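Peer 1: My structure is in input_17.cif, and what it holds is mmCIF, C-alpha atoms and all ligand atoms:
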```
data_my_file
loop_
_atom_site.group_PDB
_atom_site.id
_atom_site.type_symbol
_atom_site.label_atom_id
_atom_site.label_comp_id
_atom_site.auth_asym_id
_atom_site.auth_seq_id
_atom_site.Cartn_x
_atom_site.Cartn_y
_atom_site.Cartn_z
ATOM 1 C CA MET F 249 18.797 -24.288 8.631
ATOM 2 C CA LYS F 250 20.445 -21.032 7.688
ATOM 3 C CA VAL F 251 19.156 -18.102 5.633
ATOM 4 C CA LEU F 252 20.976 -15.079 4.231
ATOM 5 C CA LEU F 253 18.524 -12.193 4.413
ATOM 6 C CA LEU F 254 19.450 -9.226 2.235
ATOM 7 C CA SER F 255 18.018 -6.519 4.426
ATOM 8 C CA GLY F 256 17.418 -2.755 4.531
ATOM 9 C CA THR F 257 13.614 -2.551 4.897
ATOM 10 C CA GLY F 258 10.996 -2.900 7.631
ATOM 11 C CA GLU F 259 9.788 -6.121 5.998
ATOM 12 C CA ALA F 260 13.309 -7.561 6.274
ATOM 13 C CA ARG F 261 13.360 -6.810 10.012
ATOM 14 C CA GLU F 262 9.929 -8.405 10.394
ATOM 15 C CA LEU F 263 11.055 -11.534 8.556
ATOM 16 C CA ALA F 264 14.252 -11.768 10.623
ATOM 17 C CA ALA F 265 12.099 -11.799 13.777
ATOM 18 C CA LEU F 266 9.811 -14.504 12.306
ATOM 19 C CA LEU F 267 12.777 -16.680 11.316
ATOM 20 C CA VAL F 268 14.472 -16.356 14.708
ATOM 21 C CA ALA F 269 11.175 -17.188 16.423
ATOM 22 C CA ASP F 270 10.994 -20.289 14.202
ATOM 23 C CA GLY F 271 14.475 -21.373 15.310
ATOM 24 C CA ILE F 272 16.049 -20.608 11.904
ATOM 25 C CA GLU F 273 19.580 -19.242 11.841
ATOM 26 C CA VAL F 274 19.468 -15.931 9.991
ATOM 27 C CA VAL F 275 22.231 -13.607 8.857
ATOM 28 C CA SER F 276 20.848 -10.190 7.914
ATOM 29 C CA SER F 277 23.016 -8.266 5.488
ATOM 30 C CA LEU F 278 22.919 -4.464 5.549
ATOM 31 C CA ALA F 279 24.578 -2.134 3.045
ATOM 32 C CA GLY F 280 25.570 0.059 6.007
ATOM 33 C CA ARG F 281 24.660 3.373 4.459
ATOM 34 C CA THR F 282 21.977 4.516 6.907
ATOM 35 C CA THR F 283 22.167 5.278 10.613
ATOM 36 C CA ASP F 284 19.119 3.132 11.373
ATOM 37 C CA ALA F 285 19.463 2.022 14.993
ATOM 38 C CA ARG F 286 16.726 -0.611 14.622
ATOM 39 C CA GLN F 287 18.817 -3.768 14.375
ATOM 40 C CA PRO F 288 17.232 -6.976 13.063
ATOM 41 C CA ALA F 289 16.969 -10.119 15.194
ATOM 42 C CA GLY F 290 19.692 -12.717 14.656
ATOM 43 C CA GLN F 291 23.174 -12.194 13.242
ATOM 44 C CA VAL F 292 24.020 -9.089 11.243
ATOM 45 C CA ARG F 293 26.764 -8.422 8.721
ATOM 46 C CA VAL F 294 27.381 -4.976 7.260
ATOM 47 C CA GLY F 295 28.807 -3.771 3.927
ATOM 48 C CA GLY F 296 28.844 -4.726 0.245
ATOM 49 C CA PHE F 297 29.974 -8.135 -0.968
ATOM 50 C CA GLY F 298 31.887 -6.870 -4.010
ATOM 51 C CA GLY F 299 29.379 -7.352 -6.815
ATOM 52 C CA SER F 300 27.827 -10.638 -7.940
ATOM 53 C CA ASP F 301 31.243 -12.372 -7.919
ATOM 54 C CA GLY F 302 31.830 -11.263 -4.330
ATOM 55 C CA LEU F 303 28.384 -12.458 -3.251
ATOM 56 C CA ALA F 304 28.916 -15.809 -5.009
ATOM 57 C CA SER F 305 32.253 -16.225 -3.179
ATOM 58 C CA TRP F 306 30.576 -15.279 0.111
ATOM 59 C CA LEU F 307 27.920 -17.945 -0.491
ATOM 60 C CA GLN F 308 30.612 -20.531 -1.283
ATOM 61 C CA SER F 309 32.449 -19.745 1.976
ATOM 62 C CA ASN F 310 29.264 -19.350 4.052
ATOM 63 C CA PRO F 311 26.793 -21.871 2.637
ATOM 64 C CA VAL F 312 23.138 -21.115 3.381
ATOM 65 C CA ASP F 313 19.951 -23.017 2.580
ATOM 66 C CA ALA F 314 18.323 -19.995 0.939
ATOM 67 C CA VAL F 315 18.761 -16.308 0.186
ATOM 68 C CA VAL F 316 15.807 -14.018 0.815
ATOM 69 C CA ASP F 317 16.130 -10.615 -0.853
ATOM 70 C CA ALA F 318 14.103 -8.127 1.175
ATOM 71 C CA THR F 319 15.945 -5.041 0.000
ATOM 72 C CA HIS F 320 14.185 -1.849 -1.061
ATOM 73 C CA PRO F 321 12.229 -1.938 -4.358
ATOM 74 C CA PHE F 322 14.637 0.706 -5.743
ATOM 75 C CA ALA F 323 17.806 -1.162 -4.684
ATOM 76 C CA GLY F 324 18.147 -2.688 -8.156
ATOM 77 C CA GLN F 325 21.868 -3.431 -8.123
ATOM 78 C CA ILE F 326 21.948 -5.765 -5.118
ATOM 79 C CA THR F 327 18.957 -7.677 -6.520
ATOM 80 C CA ALA F 328 20.620 -8.094 -9.923
ATOM 81 C CA ASN F 329 23.784 -9.286 -8.145
ATOM 82 C CA ALA F 330 21.875 -11.693 -5.910
ATOM 83 C CA ALA F 331 19.955 -13.178 -8.854
ATOM 84 C CA LEU F 332 23.273 -13.948 -10.619
ATOM 85 C CA ALA F 333 25.138 -15.173 -7.530
ATOM 86 C CA THR F 334 22.363 -17.523 -6.374
ATOM 87 C CA THR F 335 22.033 -18.998 -9.873
ATOM 88 C CA ARG F 336 25.775 -19.555 -10.022
ATOM 89 C CA THR F 337 25.888 -21.220 -6.582
ATOM 90 C CA ALA F 338 22.535 -23.058 -7.020
ATOM 91 C CA THR F 339 21.194 -21.419 -3.846
ATOM 92 C CA PRO F 340 17.380 -21.177 -3.538
ATOM 93 C CA TYR F 341 16.419 -17.508 -3.879
ATOM 94 C CA VAL F 342 13.214 -15.586 -3.244
ATOM 95 C CA VAL F 343 12.524 -11.841 -3.496
ATOM 96 C CA LEU F 344 10.305 -10.210 -0.871
ATOM 97 C CA ARG F 345 8.843 -6.985 -2.333
ATOM 98 C CA ARG F 346 6.003 -5.031 -0.770
ATOM 99 C CA PRO F 347 3.380 -4.102 -3.387
ATOM 100 C CA GLY F 348 3.688 -0.721 -5.062
ATOM 101 C CA TRP F 349 1.144 2.036 -4.424
ATOM 102 C CA THR F 350 -2.057 2.295 -6.400
ATOM 103 C CA PRO F 351 -4.581 5.166 -6.409
ATOM 104 C CA GLU F 352 -6.469 3.365 -3.604
ATOM 105 C CA ASP F 353 -3.559 4.205 -1.288
ATOM 106 C CA ALA F 354 -4.358 7.880 -1.816
ATOM 107 C CA ALA F 355 -8.080 7.444 -1.203
ATOM 108 C CA GLY F 356 -9.827 9.393 1.487
ATOM 109 C CA PRO F 357 -11.840 8.068 4.400
ATOM 110 C CA ARG F 358 -13.904 4.951 3.810
ATOM 111 C CA ASP F 359 -17.660 5.267 3.359
ATOM 112 C CA THR F 360 -19.256 2.331 5.117
ATOM 113 C CA SER F 361 -22.838 3.347 4.396
ATOM 114 C CA GLY F 362 -22.919 3.650 0.611
ATOM 115 C CA PRO F 363 -25.064 1.605 -1.752
ATOM 116 C CA GLN F 364 -22.116 -0.590 -2.713
ATOM 117 C CA GLY F 365 -21.838 -1.929 0.804
ATOM 118 C CA PRO F 366 -19.225 -1.487 3.469
ATOM 119 C CA ALA F 367 -15.720 -0.137 2.953
ATOM 120 C CA ARG F 368 -16.456 1.498 -0.404
ATOM 121 C CA LEU F 369 -13.535 3.773 -1.205
ATOM 122 C CA VAL F 370 -14.551 7.382 -1.626
ATOM 123 C CA GLY F 371 -13.100 9.310 -4.550
ATOM 124 C CA THR F 372 -9.995 7.453 -5.643
ATOM 125 C CA SER F 373 -9.271 9.794 -8.522
ATOM 126 C CA VAL F 374 -5.716 11.106 -8.328
ATOM 127 C CA ASP F 375 -3.495 13.264 -10.510
ATOM 128 C CA TRP F 376 -0.438 11.017 -10.832
ATOM 129 C CA HIS F 377 2.192 11.394 -13.554
ATOM 130 C CA TRP F 378 4.238 8.192 -14.001
ATOM 131 C CA VAL F 379 7.899 8.382 -15.052
ATOM 132 C CA ASP F 380 10.686 5.791 -15.233
ATOM 133 C CA THR F 381 13.615 7.690 -13.719
ATOM 134 C CA THR F 382 14.512 10.598 -11.436
ATOM 135 C CA ALA F 383 15.920 12.394 -14.504
ATOM 136 C CA ALA F 384 12.527 12.083 -16.251
ATOM 137 C CA ALA F 385 10.803 13.376 -13.102
ATOM 138 C CA ALA F 386 13.097 16.423 -13.002
ATOM 139 C CA GLU F 387 12.466 17.122 -16.683
ATOM 140 C CA LEU F 388 8.688 16.949 -16.270
ATOM 141 C CA LEU F 389 8.571 18.907 -13.007
ATOM 142 C CA PRO F 390 8.515 22.548 -14.252
ATOM 143 C CA ARG F 391 5.434 21.730 -16.364
ATOM 144 C CA ILE F 392 3.539 20.449 -13.303
ATOM 145 C CA GLY F 393 4.304 22.795 -10.396
ATOM 146 C CA SER F 394 6.642 25.337 -8.832
ATOM 147 C CA ARG F 395 6.778 24.519 -5.096
ATOM 148 C CA VAL F 396 8.119 21.002 -4.849
ATOM 149 C CA PHE F 397 8.044 18.369 -2.110
ATOM 150 C CA LEU F 398 10.744 15.840 -2.997
ATOM 151 C CA THR F 399 10.598 12.502 -1.161
ATOM 152 C CA ILE F 400 12.990 10.282 -3.093
ATOM 153 C CA GLY F 401 15.658 9.781 -0.428
ATOM 154 C CA ARG F 402 19.228 11.062 -0.621
ATOM 155 C CA GLN F 403 20.256 9.269 -3.774
ATOM 156 C CA GLY F 404 19.221 11.033 -6.959
ATOM 157 C CA LEU F 405 18.616 14.469 -5.394
ATOM 158 C CA ASP F 406 21.180 16.074 -7.689
ATOM 159 C CA ALA F 407 18.959 15.432 -10.713
ATOM 160 C CA PHE F 408 16.674 18.198 -9.372
ATOM 161 C CA ALA F 409 19.383 20.772 -8.584
ATOM 162 C CA THR F 410 18.931 22.725 -11.803
ATOM 163 C CA THR F 411 15.125 22.943 -11.979
ATOM 164 C CA GLY F 412 15.249 26.422 -10.387
ATOM 165 C CA LEU F 413 12.065 25.594 -8.446
ATOM 166 C CA TRP F 414 11.562 26.088 -4.706
ATOM 167 C CA THR F 415 12.085 22.607 -3.269
ATOM 168 C CA LEU F 416 11.691 20.919 0.105
ATOM 169 C CA ALA F 417 13.593 17.610 0.133
ATOM 170 C CA ARG F 418 12.842 15.105 2.889
ATOM 171 C CA CYS F 419 15.431 12.428 3.670
ATOM 172 C CA VAL F 420 16.111 10.040 6.544
ATOM 173 C CA ASP F 421 19.864 10.667 6.623
ATOM 174 C CA PRO F 422 21.624 13.888 5.604
ATOM 175 C CA PRO F 423 22.944 13.970 2.038
ATOM 176 C CA SER F 424 26.685 14.509 1.816
ATOM 177 C CA PRO F 425 27.612 17.141 0.839
ATOM 178 C CA PRO F 426 24.442 18.936 1.999
ATOM 179 C CA PRO F 427 22.575 20.411 -0.985
ATOM 180 C CA THR F 428 22.547 24.209 -1.117
ATOM 181 C CA TRP F 429 19.785 24.526 -3.737
ATOM 182 C CA CYS F 430 16.881 23.223 -1.592
ATOM 183 C CA GLU F 431 15.425 23.207 1.912
ATOM 184 C CA LEU F 432 16.249 19.980 3.710
ATOM 185 C CA LEU F 433 13.972 18.172 6.146
ATOM 186 C CA LEU F 434 15.476 15.187 7.988
ATOM 187 C CA ALA F 435 12.756 12.834 9.205
ATOM 188 C CA ARG F 436 12.031 9.136 9.392
ATOM 189 C CA GLY F 437 8.514 7.724 8.861
ATOM 190 C CA PRO F 438 5.952 6.589 9.641
ATOM 191 C CA PHE F 439 4.176 9.906 9.092
ATOM 192 C CA SER F 440 0.567 10.691 9.980
ATOM 193 C CA ASP F 441 -2.106 11.973 7.574
ATOM 194 C CA ALA F 442 -2.539 15.103 9.734
ATOM 195 C CA ASP F 443 1.184 15.923 9.799
ATOM 196 C CA GLU F 444 1.570 15.425 6.043
ATOM 197 C CA LEU F 445 -1.425 17.654 5.383
ATOM 198 C CA GLU F 446 -0.026 20.369 7.642
ATOM 199 C CA LEU F 447 3.422 20.087 5.993
ATOM 200 C CA LEU F 448 2.053 20.445 2.455
ATOM 201 C CA GLU F 449 -0.178 23.350 3.452
ATOM 202 C CA HIS F 450 2.505 25.143 5.487
ATOM 203 C CA HIS F 451 4.977 25.103 2.578
ATOM 204 C CA ARG F 452 2.262 25.749 -0.056
ATOM 205 C CA ILE F 453 3.432 22.655 -1.948
ATOM 206 C CA ASP F 454 1.935 22.364 -5.427
ATOM 207 C CA VAL F 455 3.693 19.220 -6.656
ATOM 208 C CA LEU F 456 4.929 16.056 -4.912
ATOM 209 C CA VAL F 457 7.716 13.891 -6.350
ATOM 210 C CA THR F 458 8.086 10.385 -4.968
ATOM 211 C CA LYS F 459 9.349 6.914 -5.788
ATOM 212 C CA ASN F 460 6.766 4.140 -5.831
ATOM 213 C CA SER F 461 8.186 2.574 -2.686
ATOM 214 C CA GLY F 462 4.824 1.246 -1.504
ATOM 215 C CA GLY F 463 3.884 0.447 2.086
ATOM 216 C CA PRO F 464 1.688 2.184 4.647
ATOM 217 C CA ALA F 465 4.399 4.120 6.529
ATOM 218 C CA THR F 466 4.881 6.775 3.854
ATOM 219 C CA ALA F 467 1.489 6.615 2.092
ATOM 220 C CA PRO F 468 -0.092 9.497 4.097
ATOM 221 C CA LYS F 469 1.648 12.039 1.830
ATOM 222 C CA LEU F 470 -0.354 10.585 -1.086
ATOM 223 C CA ARG F 471 -3.610 11.113 0.787
ATOM 224 C CA ALA F 472 -2.579 14.663 1.765
ATOM 225 C CA ALA F 473 -1.689 15.455 -1.863
ATOM 226 C CA ARG F 474 -4.990 14.113 -3.135
ATOM 227 C CA HIS F 475 -6.907 16.009 -0.461
ATOM 228 C CA LEU F 476 -5.214 19.299 -1.473
ATOM 229 C CA HIS F 477 -5.429 18.540 -5.241
ATOM 230 C CA VAL F 478 -1.634 18.481 -5.435
ATOM 231 C CA PRO F 479 -0.385 16.462 -8.440
ATOM 232 C CA VAL F 480 2.151 13.680 -7.890
ATOM 233 C CA ILE F 481 5.094 12.694 -10.071
ATOM 234 C CA MET F 482 5.475 8.981 -9.338
ATOM 235 C CA ILE F 483 8.748 7.282 -10.262
ATOM 236 C CA ARG F 484 8.225 3.664 -11.323
ATOM 237 C CA ARG F 485 10.225 0.857 -9.763
ATOM 238 C CA PRO F 486 13.147 -0.526 -11.720
ATOM 239 C CA PRO F 487 12.120 -3.837 -13.329
ATOM 240 C CA LEU F 488 13.138 -7.058 -11.587
ATOM 241 C CA PRO F 489 15.297 -9.538 -13.506
ATOM 242 C CA ASP F 490 13.173 -12.146 -15.338
ATOM 243 C CA GLY F 491 12.155 -15.435 -13.830
ATOM 244 C CA LEU F 492 12.474 -14.660 -10.114
ATOM 245 C CA THR F 493 10.123 -15.939 -7.429
ATOM 246 C CA VAL F 494 8.558 -12.892 -5.767
ATOM 247 C CA VAL F 495 6.412 -12.744 -2.613
ATOM 248 C CA SER F 496 4.784 -9.676 -1.016
ATOM 249 C CA THR F 497 4.899 -10.175 2.744
ATOM 250 C CA PRO F 498 7.240 -11.585 5.393
ATOM 251 C CA ALA F 499 4.627 -14.305 6.137
ATOM 252 C CA GLU F 500 4.629 -15.337 2.464
ATOM 253 C CA ALA F 501 8.435 -15.488 2.472
ATOM 254 C CA LEU F 502 8.323 -17.767 5.504
ATOM 255 C CA ALA F 503 5.676 -19.927 3.787
ATOM 256 C CA TRP F 504 7.906 -20.146 0.692
ATOM 257 C CA LEU F 505 10.847 -21.318 2.818
ATOM 258 C CA ARG F 506 8.611 -23.909 4.475
ATOM 259 C CA ALA F 507 7.176 -25.103 1.147
ATOM 260 C CA ALA F 508 10.711 -25.459 -0.176
ATOM 261 C CA GLY F 509 11.367 -27.734 2.814
ATOM 262 C CA LEU F 510 13.896 -25.314 4.225
ATOM 263 C CA THR F 511 12.337 -24.768 7.631
ATOM 264 C CA GLY F 512 10.413 -26.887 10.118
HETATM 265 P P1 LIG Q 601 21.776 -0.850 -4.675
HETATM 266 O O1 LIG Q 601 22.018 0.321 -5.557
HETATM 267 O O2 LIG Q 601 20.969 -1.971 -5.180
HETATM 268 O O3 LIG Q 601 23.158 -1.451 -4.171
HETATM 269 C C1 LIG Q 601 24.421 -0.836 -4.382
HETATM 270 C C2 LIG Q 601 25.450 -1.711 -3.694
HETATM 271 O O4 LIG Q 601 25.293 -1.632 -2.275
HETATM 272 C C3 LIG Q 601 25.312 -3.186 -4.017
HETATM 273 O O5 LIG Q 601 25.910 -3.512 -5.255
HETATM 274 C C4 LIG Q 601 25.986 -3.805 -2.827
HETATM 275 O O6 LIG Q 601 27.406 -3.648 -2.901
HETATM 276 C C5 LIG Q 601 25.571 -2.901 -1.691
HETATM 277 N N1 LIG Q 601 24.348 -3.370 -1.015
HETATM 278 C C6 LIG Q 601 23.069 -2.955 -1.207
HETATM 279 N N2 LIG Q 601 22.237 -3.572 -0.365
HETATM 280 C C7 LIG Q 601 23.000 -4.404 0.374
HETATM 281 C C8 LIG Q 601 22.710 -5.301 1.433
HETATM 282 N N3 LIG Q 601 21.463 -5.460 1.911
HETATM 283 N N4 LIG Q 601 23.756 -5.994 1.966
HETATM 284 C C9 LIG Q 601 25.016 -5.829 1.500
HETATM 285 N N5 LIG Q 601 25.341 -4.980 0.517
HETATM 286 C C10 LIG Q 601 24.347 -4.276 -0.040
HETATM 287 O O7 LIG Q 601 21.128 -0.411 -3.293
HETATM 288 P P2 LIG Q 601 20.935 1.039 -2.667
HETATM 289 O O8 LIG Q 601 19.855 1.738 -3.408
HETATM 290 O O9 LIG Q 601 22.278 1.693 -2.545
HETATM 291 O O10 LIG Q 601 20.387 0.654 -1.241
HETATM 292 C C11 LIG Q 601 21.265 0.177 -0.214
HETATM 293 C C12 LIG Q 601 20.450 -0.459 0.886
HETATM 294 O O11 LIG Q 601 19.550 0.515 1.421
HETATM 295 C C13 LIG Q 601 19.594 -1.651 0.431
HETATM 296 O O12 LIG Q 601 19.800 -2.717 1.339
HETATM 297 C C14 LIG Q 601 18.187 -1.138 0.440
HETATM 298 O O13 LIG Q 601 17.251 -2.115 0.857
HETATM 299 C C15 LIG Q 601 18.225 0.010 1.434
HETATM 300 N N6 LIG Q 601 17.312 1.095 1.031
HETATM 301 C C16 LIG Q 601 17.368 1.620 -0.229
HETATM 302 C C17 LIG Q 601 16.460 2.594 -0.589
HETATM 303 C C18 LIG Q 601 16.455 3.154 -1.995
HETATM 304 O O14 LIG Q 601 15.544 3.958 -2.288
HETATM 305 N N7 LIG Q 601 17.363 2.774 -2.866
HETATM 306 C C19 LIG Q 601 15.547 3.065 0.353
HETATM 307 C C20 LIG Q 601 15.529 2.505 1.638
HETATM 308 C C21 LIG Q 601 16.438 1.532 1.957
HETATM 309 P P3 LIG Q 601 28.349 -4.812 -3.480
HETATM 310 O O15 LIG Q 601 28.147 -4.796 -4.970
HETATM 311 O O16 LIG Q 601 29.704 -4.397 -3.029
HETATM 312 O O17 LIG Q 601 27.876 -6.105 -2.880
#
```
Re-express the file's structure as structure tokens.
Peer 2:
Amino acid sequence: MKVLLLSGTGEARELAALLVADGIEVVSSLAGRTTDARQPAGQVRVGGFGGSDGLASWLQSNPVDAVVDATHPFAGQITANAALATTRTATPYVVLRRPGWTPEDAAGPRDTSGPQGPARLVGTSVDWHWVDTTAAAAELLPRIGSRVFLTIGRQGLDAFATTGLWTLARCVDPPSPPPTWCELLLARGPFSDADELELLEHHRIDVLVTKNSGGPATAPKLRAARHLHVPVIMIRRPPLPDGLTVVSTPAEALAWLRAAGLTG
């Protein structure tokens, strides 16, 4: 059994480890844009395929039993390409997407003694402004705050270059060319609640801009923002193509492969 795993997330690495442990041959595909040293288990290939046609040709030359797309929720192009290429080559295809954030992810400590029983979330009210694109976030920004914490990655930073607002941009890898209009902080999560709180306070941040990536590793900034009453501009995920099978966790992806009779 052989699986092509479109990779680039922590969930993809987790699934690669599960598949290898199950004796499944897995080829993880990375775009090759980041300097992430954490290599997935199994075989790895690096670089684009050349659009949906290129991916379809790759699948014809390297037949696999299934394609699992565990790319980032904002990596819309590779998912669109994979949906087309797997249809064209009749290759079973499943998308693994971690759930997006909800206000509960920004909630404070849990109150286990309240009248509604254990684990009642305390104060989930948040000041989130939802937008569809980075351009819409940049347009809205001056009406929301003036000291900005921008956590949208390297791609799309330029949309904020002309806001004229003091901005701290946090990225994993350095943008090229380096932006001259903002302060740059290079750091890779996970981040702690305490560190995020200290960062927002230290820089007197009064608005946070983020993509709805989801996941626990980068959620502490949402809790810090809520704690300090800092509003959040939340960029929605691009929509998935219609009709795809979507699962939320690596274990569910493995179960899907098993149910499809693709693994032992
Ligand atoms: P994208 O816009 O959807 O993809 C652009 C092109 O990059 C694709 O058309 C494809 O080139 C190539 N590509 C993307 N993912 C690939 C993969 N796993 N294997 C082989 N080629 C891939 O994606 P992106 O936003 O540039 O993200 C690139 C990678 O970084 C993804 O794997 C994603 O999971 C990861 N990532 C993205 C974000 C984000 O916010 N966008 C954040 C964290 C990690 P061809 O058309 O030539 O095949």
Peer 1: List as a PyMOL selection string the protein and nucleic acid residues lying within 6 Å of ligand LIG 601 (chain Q), with all atoms listed in the file counted.
Peer 2: chain F and resi 254-257+277-279+295-299+319-320+322-326
Peer 1: With distances taken over all atoms listed in the file, which of F:Gly393, F:Pro311, F:Gly271, F:Gly302 is nearest to F:Val478?
Peer 2: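 Distance minimum relative to F:Val478 lands on F:Gly393.
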Peer 1: Between F:Ala314, F:Ala260, F:Thr335, F:Ala304, which one has atoms that come closest to F:Arg506, using all atoms listed in the file?
Peer 2: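 Counting all atoms listed in the file, the residue closest to F:Arg506 is F:Ala314.
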Peer 1: Could you pull the residues within 7 Å of F:Ser276, counting all atoms listed in the file, minus those fewer than 5 positions along the same chain, as a list in words?
Peer 2: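 Here the qualifying residues turn out to be Leu252, Leu253, Leu254, Ser255, Gln291, Val292 and Arg293 of chain F.
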Peer 1: Starting from the shown file, work through the PyMOL selection byres (((chain F and resi 471) around 8) and not hetatm) and note down what comes out as a list in words.
Peer 2: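 On this input, the PyMOL selection byres (((chain F and resi 471) around 8) and not hetatm) captures Asp353, Ala354, Ala355, Gly356, Asp441, Ala467, Pro468, Lys469, Leu470, Ala472, Ala473, Arg474 and His475 of chain F.
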Peer 1: Show which residues sit within 10 Å of F:Pro426, as an MDAnalysis selection string. Count all atoms listed in the file, and ignore same-chain residues fewer than 5 positions away.
Peer 2: chainID F and resid 402 431:432
Peer 1: Hey, can you check how far atom CA of F:Thr428 sits from atom CA of F:Ser461?
Peer 2: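 These atoms are spaced 26.0 Å apart.
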Peer 1: So, counting all atoms listed in the file, which residue among F:Ala269, F:Val294, F:Val457, F:Val275 is closest to F:Val379?
Peer 2: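 The answer is F:Val457, which sits nearest to F:Val379.
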Peer 1: Return the single residue from F:Gly280, F:Gly290, F:Pro464, F:Pro351 that is closest to F:Ala265, with distances computed using all atoms listed in the file.
Peer 2: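 Nearest candidate to F:Ala265 out of F:Gly280, F:Gly290, F:Pro464, F:Pro351: F:Gly290.
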Peer 1: Can you give me, as a PyMOL selection string, the residues this file yields under the PyMOL selection byres (((chain F and resi 346) around 6) and not hetatm)?
Peer 2: chain F and resi 345+347+496
Peer 1: List the spatial neighbours of F:Cys430 as a PyMOL selection string - criterion: any atom at most 10 Å away, only C-alpha atoms, same-chain residues fewer than 5 positions off excluded.
Peer 2: chain F and resi 396+398+405+408-409+412-417
Peer 1: State, in Å with one decimal place, the distance from atom CA of F:Leu476 to atom CA of F:Gly437.
Peer 2: 20.7 Å
